[in-house]
Amino acid sequence: MNNPLDLVDVTSDLVSVEWLQKHYNASNLILLDGTINKVISSAAIRIPNARYFDIKQKFSDIAAPFPSTLPSKSQFESEAQGLGIYNDSVIIVYDDKGIYSSARVWWLFKVFGFKNVAVLDGGLPQWQLKGFQVENYNEDCYDKGDFIAGFQPQLMTDFKGLQEYITEEDTLIVDARSKDRFMCKVDEPREGLRRGTIPNSKNLPYTTLFNGYIMKPKKELLKIFNTLVANETQIVFSCGSGITACILALGATLCNYNNLIVYDGSWTEYGSLTP
């Protein structure tokens, strides 16, 4: 049985590297590396004892036609248990870019009913900037956790659901892609995918939310979102393939917005299924 003094809790969806350094040894804390397509070898570095959360191969539906598609409840539950995650765990997730794919991991846990999860502000780059310890990856094995998923379908939408959101006056659709991609001035990085924009959507490049590697203060985030949100009561976030849309969802959550939804297929799906 854990000593209560060894336990930690999270009260925010974003924690600093200083917070992690302070609470690193908490017995209920699990650190996840959510870097996309990371080659795990003895040459790869991590924050000590981080467990690799493989978005592409283990926490996506790899049989789906579009990348990073939401996995099934049973798949997510099984893979999370394999990482040694328990229902009473506290999860901190980071990636090697600052805040990028870590926001997707955070959102996936929300979608599957887990609330004790936060993103590490600035991720691995900020951790290293502060001079905190890193190590090389080892082949780790974990005791199977007892994590039980509880699917929250209202947090995700698909192509069919988006058709309804496009026409609803109380819904704002926000696109996290760069301005040039949103304005169709440059090609999409996915080969064969046409340029375009979801009807009635507005643009907020995800990079707008950062100062360097870390999130801007709440006061600045509120100013950014207030330039977009008028009288809408729910916000749908989109991007290229459902990854950076989750960064906007994180920013909006920090600003206490409610009724937030991520369009899972994002422009990759929408641009493929519409003429």
# chains A, B, ... in the order shown; residues from 1 in each chain; ligands from 1
$ residues_around --residues "Leu228 (chain A)" --least-positions-apart "5" --cutoff "10 Å" --atoms "only C-alpha atoms" --output "PyMOL selection string"
chain A and resi 172-174+202-204+223
$ residues_around --residues "Arg194 (chain A)" --least-positions-apart "2" --cutoff "12 Å" --atoms "only C-alpha atoms" --output "list in words"
Arg181, Phe182, Cys184, Lys185, Val186, Asp187, Glu188, Pro189, Arg190, Glu191, Gly192, Gly196, Thr197, Gly240, Trp267, Thr268, Glu269, Tyr270, Gly271, Ser272, Leu273, Thr274 and Pro275 of chain A
$ residues_around --residues "Gln163 (chain A)" --least-positions-apart "4" --cutoff "10 Å" --atoms "only C-alpha atoms" --output "PDB file with N, CA and C atoms, in the first residue's frame"
ATOM      1  N   THR A 157     -15.393  14.083 -32.761  1.00  0.00           N
ATOM      2  CA  THR A 157     -16.382  13.972 -33.825  1.00  0.00           C
ATOM      3  C   THR A 157     -15.715  13.404 -35.061  1.00  0.00           C
ATOM      4  N   ASP A 158     -16.558  12.917 -35.980  1.00  0.00           N
ATOM      5  CA  ASP A 158     -16.070  12.361 -37.237  1.00  0.00           C
ATOM      6  C   ASP A 158     -16.660  13.154 -38.399  1.00  0.00           C
ATOM      7  N   PHE A 159     -16.468  12.653 -39.601  1.00  0.00           N
ATOM      8  CA  PHE A 159     -16.924  13.372 -40.796  1.00  0.00           C
ATOM      9  C   PHE A 159     -18.432  13.620 -40.761  1.00  0.00           C
ATOM     10  N   THR A 167     -23.131  23.657 -39.803  1.00  0.00           N
ATOM     11  CA  THR A 167     -24.348  24.449 -39.999  1.00  0.00           C
ATOM     12  C   THR A 167     -24.930  25.008 -38.697  1.00  0.00           C
ATOM     13  N   GLU A 168     -24.338  24.653 -37.557  1.00  0.00           N
ATOM     14  CA  GLU A 168     -24.880  25.112 -36.280  1.00  0.00           C
ATOM     15  C   GLU A 168     -24.317  26.473 -35.894  1.00  0.00           C
ATOM     16  N   ILE A 198     -12.255  23.749 -44.202  1.00  0.00           N
ATOM     17  CA  ILE A 198     -13.598  23.356 -43.786  1.00  0.00           C
ATOM     18  C   ILE A 198     -14.508  24.584 -43.811  1.00  0.00           C
ATOM     19  N   PRO A 199     -15.691  24.500 -44.416  1.00  0.00           N
ATOM     20  CA  PRO A 199     -16.601  25.648 -44.472  1.00  0.00           C
ATOM     21  C   PRO A 199     -16.889  26.223 -43.082  1.00  0.00           C
ATOM     22  N   TYR A 270     -11.491  15.237 -44.162  1.00  0.00           N
ATOM     23  CA  TYR A 270     -12.462  16.095 -44.823  1.00  0.00           C
ATOM     24  C   TYR A 270     -12.053  16.391 -46.269  1.00  0.00           C
TER      25      TYR A 270
END
$ closest_atom_pairs --of "region 148-227 of chain A" --to "region 250-256 of chain A" --cutoff "7 Å" --atoms "only C-alpha atoms" --output "Markdown table"
| residue | atom | partner | partner_atom | distance |
| --- | --- | --- | --- | --- |
| A:Lys218 | CA | A:Cys255 | CA | 6.2 |
| A:Leu221 | CA | A:Gly251 | CA | 6.9 |
| A:Leu222 | CA | A:Cys255 | CA | 6.0 |
$ write_last_selection --atoms "N, CA and C atoms" --output "compact mmCIF listing (two decimals), in the first residue's frame"
# COMPACT_ATOMS: atom_id res chain seq x y z
N LYS A 218 -2.14 32.34 -19.14
CA LYS A 218 -3.59 32.28 -19.35
C LYS A 218 -4.16 33.61 -19.84
N LEU A 221 -3.55 33.81 -23.49
CA LEU A 221 -4.37 32.82 -24.19
C LEU A 221 -5.81 33.29 -24.31
N LEU A 222 -6.32 33.88 -23.22
CA LEU A 222 -7.69 34.39 -23.26
C LEU A 222 -7.87 35.45 -24.32
$ closest_residue --among "A:Asn49, A:Ser78, A:Ser178, A:Ser238" --to "Asn138 (chain A)" --atoms "only C-alpha atoms"
A:Asn49
$ closest_residue --among "A:Lys73, A:Lys22, A:Arg104, A:Lys219" --to "Ile55 (chain A)" --atoms "only C-alpha atoms"
A:Arg104
$ closest_residue --among "A:Asp264, A:Glu169, A:Asp180, A:Glu18" --to "Val111 (chain A)" --atoms "only C-alpha atoms"
A:Asp264
$ decode --residues "region 73-87 of chain A" --atoms "all heavy atoms" --output "CSV table (one decimal), in the first residue's frame"
chain,number,residue,atom,x,y,z
A,73,LYS,N,-12.2,1.5,-27.7
A,73,LYS,CA,-12.1,1.6,-26.2
A,73,LYS,C,-11.3,0.4,-25.7
A,73,LYS,O,-10.4,0.5,-24.9
A,73,LYS,CB,-13.5,1.5,-25.6
A,73,LYS,CG,-13.6,1.4,-24.1
A,73,LYS,CD,-15.0,1.4,-23.6
A,73,LYS,CE,-15.1,1.1,-22.2
A,73,LYS,NZ,-14.8,-0.3,-21.8
A,74,SER,N,-11.5,-0.8,-26.3
A,74,SER,CA,-10.8,-2.0,-25.8
A,74,SER,C,-9.3,-1.9,-26.2
A,74,SER,O,-8.5,-2.3,-25.4
A,74,SER,CB,-11.4,-3.2,-26.4
A,74,SER,OG,-11.3,-3.2,-27.9
A,75,GLN,N,-9.0,-1.4,-27.3
A,75,GLN,CA,-7.6,-1.2,-27.7
A,75,GLN,C,-6.9,-0.3,-26.8
A,75,GLN,O,-5.8,-0.6,-26.3
A,75,GLN,CB,-7.4,-0.8,-29.1
A,75,GLN,CG,-6.0,-0.5,-29.6
A,75,GLN,CD,-5.8,0.1,-31.0
A,75,GLN,OE1,-6.8,0.1,-31.7
A,75,GLN,NE2,-4.7,0.5,-31.3
A,76,PHE,N,-7.5,0.9,-26.5
A,76,PHE,CA,-6.9,1.9,-25.7
A,76,PHE,C,-6.7,1.3,-24.3
A,76,PHE,O,-5.6,1.5,-23.6
A,76,PHE,CB,-7.7,3.2,-25.6
A,76,PHE,CG,-7.0,4.3,-24.9
A,76,PHE,CD1,-6.2,5.2,-25.6
A,76,PHE,CD2,-7.1,4.5,-23.5
A,76,PHE,CE1,-5.6,6.3,-25.0
A,76,PHE,CE2,-6.5,5.5,-22.9
A,76,PHE,CZ,-5.7,6.4,-23.6
A,77,GLU,N,-7.7,0.7,-23.8
A,77,GLU,CA,-7.7,0.1,-22.4
A,77,GLU,C,-6.5,-0.9,-22.3
A,77,GLU,O,-5.8,-0.9,-21.3
A,77,GLU,CB,-9.0,-0.5,-22.1
A,77,GLU,CG,-9.1,-1.0,-20.7
A,77,GLU,CD,-10.5,-1.5,-20.4
A,77,GLU,OE1,-11.5,-0.7,-20.2
A,77,GLU,OE2,-10.7,-2.7,-20.4
A,78,SER,N,-6.4,-1.8,-23.2
A,78,SER,CA,-5.4,-2.9,-23.2
A,78,SER,C,-4.0,-2.3,-23.3
A,78,SER,O,-3.1,-2.7,-22.5
A,78,SER,CB,-5.7,-3.8,-24.4
A,78,SER,OG,-4.7,-4.8,-24.4
A,79,GLU,N,-3.8,-1.4,-24.2
A,79,GLU,CA,-2.5,-0.8,-24.3
A,79,GLU,C,-2.1,0.1,-23.1
A,79,GLU,O,-0.9,0.1,-22.7
A,79,GLU,CB,-2.4,0.1,-25.6
A,79,GLU,CG,-2.6,-0.7,-26.9
A,79,GLU,CD,-1.4,-1.6,-27.2
A,79,GLU,OE1,-0.4,-1.6,-26.5
A,79,GLU,OE2,-1.5,-2.4,-28.1
A,80,ALA,N,-3.0,0.8,-22.5
A,80,ALA,CA,-2.8,1.6,-21.3
A,80,ALA,C,-2.4,0.6,-20.2
A,80,ALA,O,-1.5,0.9,-19.4
A,80,ALA,CB,-3.9,2.4,-21.0
A,81,GLN,N,-3.1,-0.5,-20.0
A,81,GLN,CA,-2.8,-1.4,-19.0
A,81,GLN,C,-1.4,-2.0,-19.2
A,81,GLN,O,-0.7,-2.2,-18.2
A,81,GLN,CB,-3.8,-2.6,-19.0
A,81,GLN,CG,-5.2,-2.2,-18.5
A,81,GLN,CD,-6.2,-3.3,-18.6
A,81,GLN,OE1,-5.9,-4.4,-19.1
A,81,GLN,NE2,-7.4,-3.1,-18.1
A,82,GLY,N,-1.0,-2.2,-20.5
A,82,GLY,CA,0.3,-2.7,-20.8
A,82,GLY,C,1.4,-1.8,-20.4
A,82,GLY,O,2.6,-2.2,-20.2
A,83,LEU,N,1.1,-0.5,-20.3
A,83,LEU,CA,2.1,0.5,-19.8
A,83,LEU,C,2.1,0.6,-18.3
A,83,LEU,O,2.8,1.5,-17.8
A,83,LEU,CB,1.8,1.9,-20.5
A,83,LEU,CG,2.2,2.0,-21.9
A,83,LEU,CD1,1.7,3.4,-22.4
A,83,LEU,CD2,3.7,1.9,-22.1
A,84,GLY,N,1.3,-0.2,-17.6
A,84,GLY,CA,1.3,-0.2,-16.2
A,84,GLY,C,0.5,0.9,-15.6
A,84,GLY,O,0.8,1.3,-14.5
A,85,ILE,N,-0.5,1.3,-16.3
A,85,ILE,CA,-1.4,2.4,-15.8
A,85,ILE,C,-2.5,1.9,-15.0
A,85,ILE,O,-3.2,1.0,-15.4
A,85,ILE,CB,-1.8,3.3,-17.0
A,85,ILE,CG1,-0.6,4.0,-17.7
A,85,ILE,CG2,-2.9,4.3,-16.6
A,85,ILE,CD1,-1.0,4.7,-19.0
A,86,TYR,N,-2.7,2.5,-13.9
A,86,TYR,CA,-3.8,2.2,-13.0
A,86,TYR,C,-4.9,3.3,-12.9
A,86,TYR,O,-4.6,4.4,-13.3
A,86,TYR,CB,-3.3,1.9,-11.6
A,86,TYR,CG,-2.4,0.7,-11.4
A,86,TYR,CD1,-1.1,0.7,-11.9
A,86,TYR,CD2,-2.9,-0.5,-10.9
A,86,TYR,CE1,-0.3,-0.4,-11.8
A,86,TYR,CE2,-2.2,-1.6,-10.8
A,86,TYR,CZ,-0.8,-1.6,-11.2
A,86,TYR,OH,-0.1,-2.7,-11.2
A,87,ASN,N,-6.0,2.9,-12.4
A,87,ASN,CA,-7.1,3.9,-12.3
A,87,ASN,C,-6.7,5.1,-11.4
A,87,ASN,O,-7.2,6.2,-11.6
A,87,ASN,CB,-8.4,3.2,-11.8
A,87,ASN,CG,-9.0,2.3,-12.9
A,87,ASN,OD1,-9.0,2.6,-14.1
A,87,ASN,ND2,-9.5,1.2,-12.4
